$ cat structure39.cif   # mmCIF, C-alpha atoms
data_target
loop_
_atom_site.label_atom_id
_atom_site.label_comp_id
_atom_site.auth_asym_id
_atom_site.auth_seq_id
_atom_site.Cartn_x
_atom_site.Cartn_y
_atom_site.Cartn_z
CA MET A 485 -8.34 17.38 13.11
CA THR A 486 -10.39 14.67 14.73
CA PRO A 487 -11.92 11.79 12.84
CA THR A 488 -15.42 12.53 11.62
CA SER A 489 -16.91 9.41 13.17
CA GLU A 490 -18.10 11.77 15.91
CA SER A 491 -20.12 13.79 13.40
CA PRO A 492 -23.86 12.98 13.66
CA HIS A 493 -24.30 13.84 9.97
CA LEU A 494 -21.54 11.47 8.90
CA ASN A 495 -22.88 8.78 11.20
CA ASP A 496 -26.27 9.07 9.49
CA LEU A 497 -24.61 8.79 6.07
CA LEU A 498 -22.54 5.78 7.12
CA ALA A 499 -25.67 4.12 8.53
CA ALA A 500 -27.49 4.67 5.23
CA PHE A 501 -24.43 3.34 3.37
CA THR A 502 -24.54 0.19 5.51
CA GLU A 503 -28.31 -0.20 5.28
CA SER A 504 -28.25 0.09 1.49
CA MET A 505 -25.88 -2.87 1.34
CA GLY A 506 -28.21 -4.84 3.59
CA ALA A 507 -31.16 -4.08 1.30
CA PHE A 508 -29.12 -5.13 -1.73
CA LEU A 509 -28.06 -8.41 -0.11
CA THR A 510 -31.69 -9.13 0.83
CA ALA A 511 -32.73 -8.65 -2.80
CA VAL A 512 -29.93 -10.94 -3.96
CA GLY A 513 -31.08 -13.54 -1.45
CA ARG A 514 -34.57 -13.45 -2.96
CA ALA A 515 -33.08 -13.88 -6.43
CA GLU A 516 -31.05 -16.85 -5.19
CA GLU A 517 -34.23 -18.45 -3.82
CA ARG A 518 -35.97 -18.00 -7.16
CA ALA A 519 -32.93 -19.40 -8.95
CA ALA A 520 -33.65 -22.78 -7.36
CA GLN A 521 -36.41 -23.17 -9.97
CA ASP A 522 -34.56 -21.34 -12.77
CA THR A 523 -30.85 -22.11 -12.69
CA GLU A 524 -29.97 -19.49 -15.31
CA LEU A 525 -31.77 -16.66 -13.52
CA LEU A 526 -28.61 -15.27 -11.91
CA THR A 527 -26.66 -15.04 -15.18
CA ARG A 528 -29.49 -14.15 -17.57
CA LYS A 529 -29.33 -10.64 -18.94
CA PRO A 530 -32.77 -8.97 -19.10
CA ASP A 531 -31.79 -7.40 -22.43
CA ASN A 532 -28.68 -6.61 -24.47
CA VAL A 533 -27.76 -3.61 -22.33
CA ALA A 534 -28.67 -4.56 -18.74
CA PHE A 535 -26.48 -6.61 -16.42
CA SER A 536 -27.45 -9.98 -15.00
CA VAL A 537 -27.61 -10.40 -11.20
CA THR A 538 -24.11 -11.88 -11.20
CA GLU A 539 -22.77 -9.05 -13.35
CA ILE A 540 -24.31 -6.47 -11.00
CA ILE A 541 -22.56 -8.03 -8.03
CA TRP A 542 -19.14 -8.06 -9.70
CA HIS A 543 -19.72 -4.51 -10.99
CA MET A 544 -20.42 -3.39 -7.44
CA VAL A 545 -17.18 -5.02 -6.27
CA ASP A 546 -15.23 -3.05 -8.89
CA VAL A 547 -17.04 0.20 -8.05
CA GLU A 548 -16.34 -0.28 -4.35
CA ARG A 549 -12.64 -0.80 -5.08
CA LEU A 550 -12.62 2.16 -7.47
CA TRP A 551 -13.96 4.47 -4.75
CA GLN A 552 -11.38 3.17 -2.29
CA MET A 553 -8.66 3.99 -4.81
CA ARG A 554 -10.15 7.44 -5.41
CA ILE A 555 -10.38 8.23 -1.69
CA ARG A 556 -6.82 7.09 -1.06
CA GLY A 557 -5.68 9.14 -4.05
CA LEU A 558 -7.41 12.23 -2.70
CA LEU A 559 -5.71 11.68 0.65
CA ASP A 560 -2.20 11.30 -0.76
CA GLY A 561 -2.68 13.96 -3.46
CA SER A 562 -2.19 11.59 -6.40
CA VAL A 563 -5.79 11.92 -7.65
CA THR A 564 -7.28 15.22 -8.80
CA HIS A 565 -9.58 13.84 -11.50
CA PHE A 566 -12.07 10.98 -11.37
CA VAL A 567 -12.34 9.31 -14.76
CA GLN A 568 -15.70 7.79 -15.54
CA MET A 569 -15.47 4.01 -15.75
CA ASP A 570 -16.81 2.02 -18.70
CA PRO A 571 -18.85 -0.65 -16.88
CA ASP A 572 -19.77 -2.59 -20.02
CA ARG A 573 -16.15 -2.90 -21.15
CA ILE A 574 -15.00 -3.86 -17.65
CA ALA A 575 -17.77 -6.48 -17.36
CA ARG A 576 -16.79 -8.01 -20.70
CA GLU A 577 -13.07 -7.97 -19.98
CA GLY A 578 -13.62 -9.29 -16.47
CA ASN A 579 -15.96 -11.98 -17.74
CA TYR A 580 -18.32 -11.15 -14.86
CA ASN A 581 -21.04 -13.61 -15.84
CA ALA A 582 -18.65 -16.58 -15.71
CA ARG A 583 -17.43 -15.72 -12.23
CA PRO A 584 -18.94 -17.40 -9.17
CA MET A 585 -21.64 -15.23 -7.65
CA ALA A 586 -20.91 -16.45 -4.10
CA GLN A 587 -17.30 -15.23 -4.38
CA GLY A 588 -18.58 -11.89 -5.67
CA LEU A 589 -20.85 -11.51 -2.65
CA ALA A 590 -17.99 -12.35 -0.29
CA ASP A 591 -15.68 -9.89 -2.07
CA LEU A 592 -18.37 -7.20 -2.03
CA SER A 593 -19.03 -7.59 1.70
CA SER A 594 -15.31 -7.46 2.43
CA ALA A 595 -14.77 -4.44 0.17
CA ARG A 596 -17.70 -2.56 1.76
CA GLU A 597 -16.26 -3.17 5.23
CA GLU A 598 -12.89 -1.86 4.03
CA THR A 599 -14.60 1.25 2.63
CA LEU A 600 -16.42 1.84 5.91
CA VAL A 601 -13.15 1.57 7.86
CA LEU A 602 -11.55 4.06 5.47
CA LEU A 603 -14.45 6.51 5.71
CA ARG A 604 -14.67 6.36 9.51
CA ARG A 605 -11.04 7.48 9.76
CA LEU A 606 -11.49 10.64 7.70
CA THR A 607 -11.33 14.08 9.27
CA GLU A 608 -13.65 16.92 8.29
CA ASP A 609 -10.81 18.46 6.25
CA GLN A 610 -10.24 15.17 4.44
CA LEU A 611 -13.96 14.84 3.70
CA ALA A 612 -13.81 18.26 2.05
CA LEU A 613 -11.13 17.18 -0.45
CA SER A 614 -12.43 17.20 -4.00
CA ALA A 615 -11.65 16.10 -7.53
CA GLU A 616 -13.20 16.76 -10.91
CA HIS A 617 -15.25 13.88 -12.28
CA SER A 618 -15.17 13.56 -16.08
CA LYS A 619 -18.99 13.51 -16.23
CA ARG A 620 -20.32 14.79 -12.90
CA GLY A 621 -18.06 17.74 -12.19
CA THR A 622 -16.61 18.52 -8.76
CA MET A 623 -17.06 15.75 -6.20
CA THR A 624 -16.02 15.56 -2.56
#
$ encode --input "structure39.cif" --output "structure tokens"
Amino acid sequence: MTPTSESPHLNDLLAAFTESMGAFLTAVGRAEERAAQDTELLTRKPDNVAFSVTEIIWHMVDVERLWQMRIRGLLDGSVTHFVQMDPDRIAREGNYNARPMAQGLADLSSAREETLVLLRRLTEDQLALSAEHSKRGTMT
């Protein structure tokens, strides 16, 4: 099987995947500009349930790494079920809000590039591999 990077459909999806990260980073940049007047803006939680900007960034890093692990597990056959993560518990345990936001952004950019490299190497057969998600059902 040939890598799917030749597939126009996959190329469109990968472009959207890349563009979504660009849009996110633009929004974070605007928040950083506003934080010049309000130094707690990036770590302030809007309410008891929602994440702060910094927590969102570190959550995205963990989600990116989780999907890399899932994809690799599908490829080597070690993963047949995707367990739903508990983002609130992980944020608390990882002390997201005390972590440096700049490091989170660097880690997120690096992790996204790693994901893109991984996805570009997949064949059509590999893209069709699936696992059962504990909440969402069958996912490819």
$ resolve_selection --input "structure39.cif" --expression "the PyMOL selection byres ((chain A and resi 608-616) around 7)" --output "compact mmCIF listing (two decimals) with C-alpha atoms, keeping the file's coordinate frame"
# COMPACT_ATOMS: atom_id res chain seq x y z
CA THR A 488 -15.42 12.53 11.62
CA LEU A 558 -7.41 12.23 -2.70
CA LEU A 559 -5.71 11.68 0.65
CA THR A 564 -7.28 15.22 -8.80
CA HIS A 565 -9.58 13.84 -11.50
CA PHE A 566 -12.07 10.98 -11.37
CA LEU A 606 -11.49 10.64 7.70
CA THR A 607 -11.33 14.08 9.27
CA HIS A 617 -15.25 13.88 -12.28
CA SER A 618 -15.17 13.56 -16.08
CA GLY A 621 -18.06 17.74 -12.19
CA THR A 622 -16.61 18.52 -8.76
CA MET A 623 -17.06 15.75 -6.20
CA THR A 624 -16.02 15.56 -2.56
$ closest_residue --input "structure39.cif" --among "A:Arg528, A:Met505, A:Arg620, A:Ala500" --to "Val545 in chain A" --atoms "all atoms listed in the file"
A:Met505
$ closest_residue --input "structure39.cif" --among "A:Leu497, A:Met569, A:Val537, A:Ile574" --to "Trp551 in chain A" --atoms "all atoms listed in the file"
A:Met569
$ atom_distance --input "structure39.cif" --atom1 "CA of Ile541 in chain A" --atom2 "CA of Leu592 in chain A"
7.4 Å
$ closest_residue --input "structure39.cif" --among "A:Thr527, A:Arg554, A:Asp570, A:Asp522" --to "Pro584 in chain A" --atoms "only C-alpha atoms"
A:Thr527
$ resolve_selection --input "structure39.cif" --expression "the PyMOL selection byres ((chain A and resi 538) around 12)" --output "PyMOL selection string"
chain A and resi 512+515-516+519+524-529+534-537+539-545+575+579-589+592
$ closest_residue --input "structure39.cif" --among "A:Arg604, A:Asp531, A:Arg573, A:Arg556" --to "Asp496 in chain A" --atoms "only C-alpha atoms"
A:Arg604
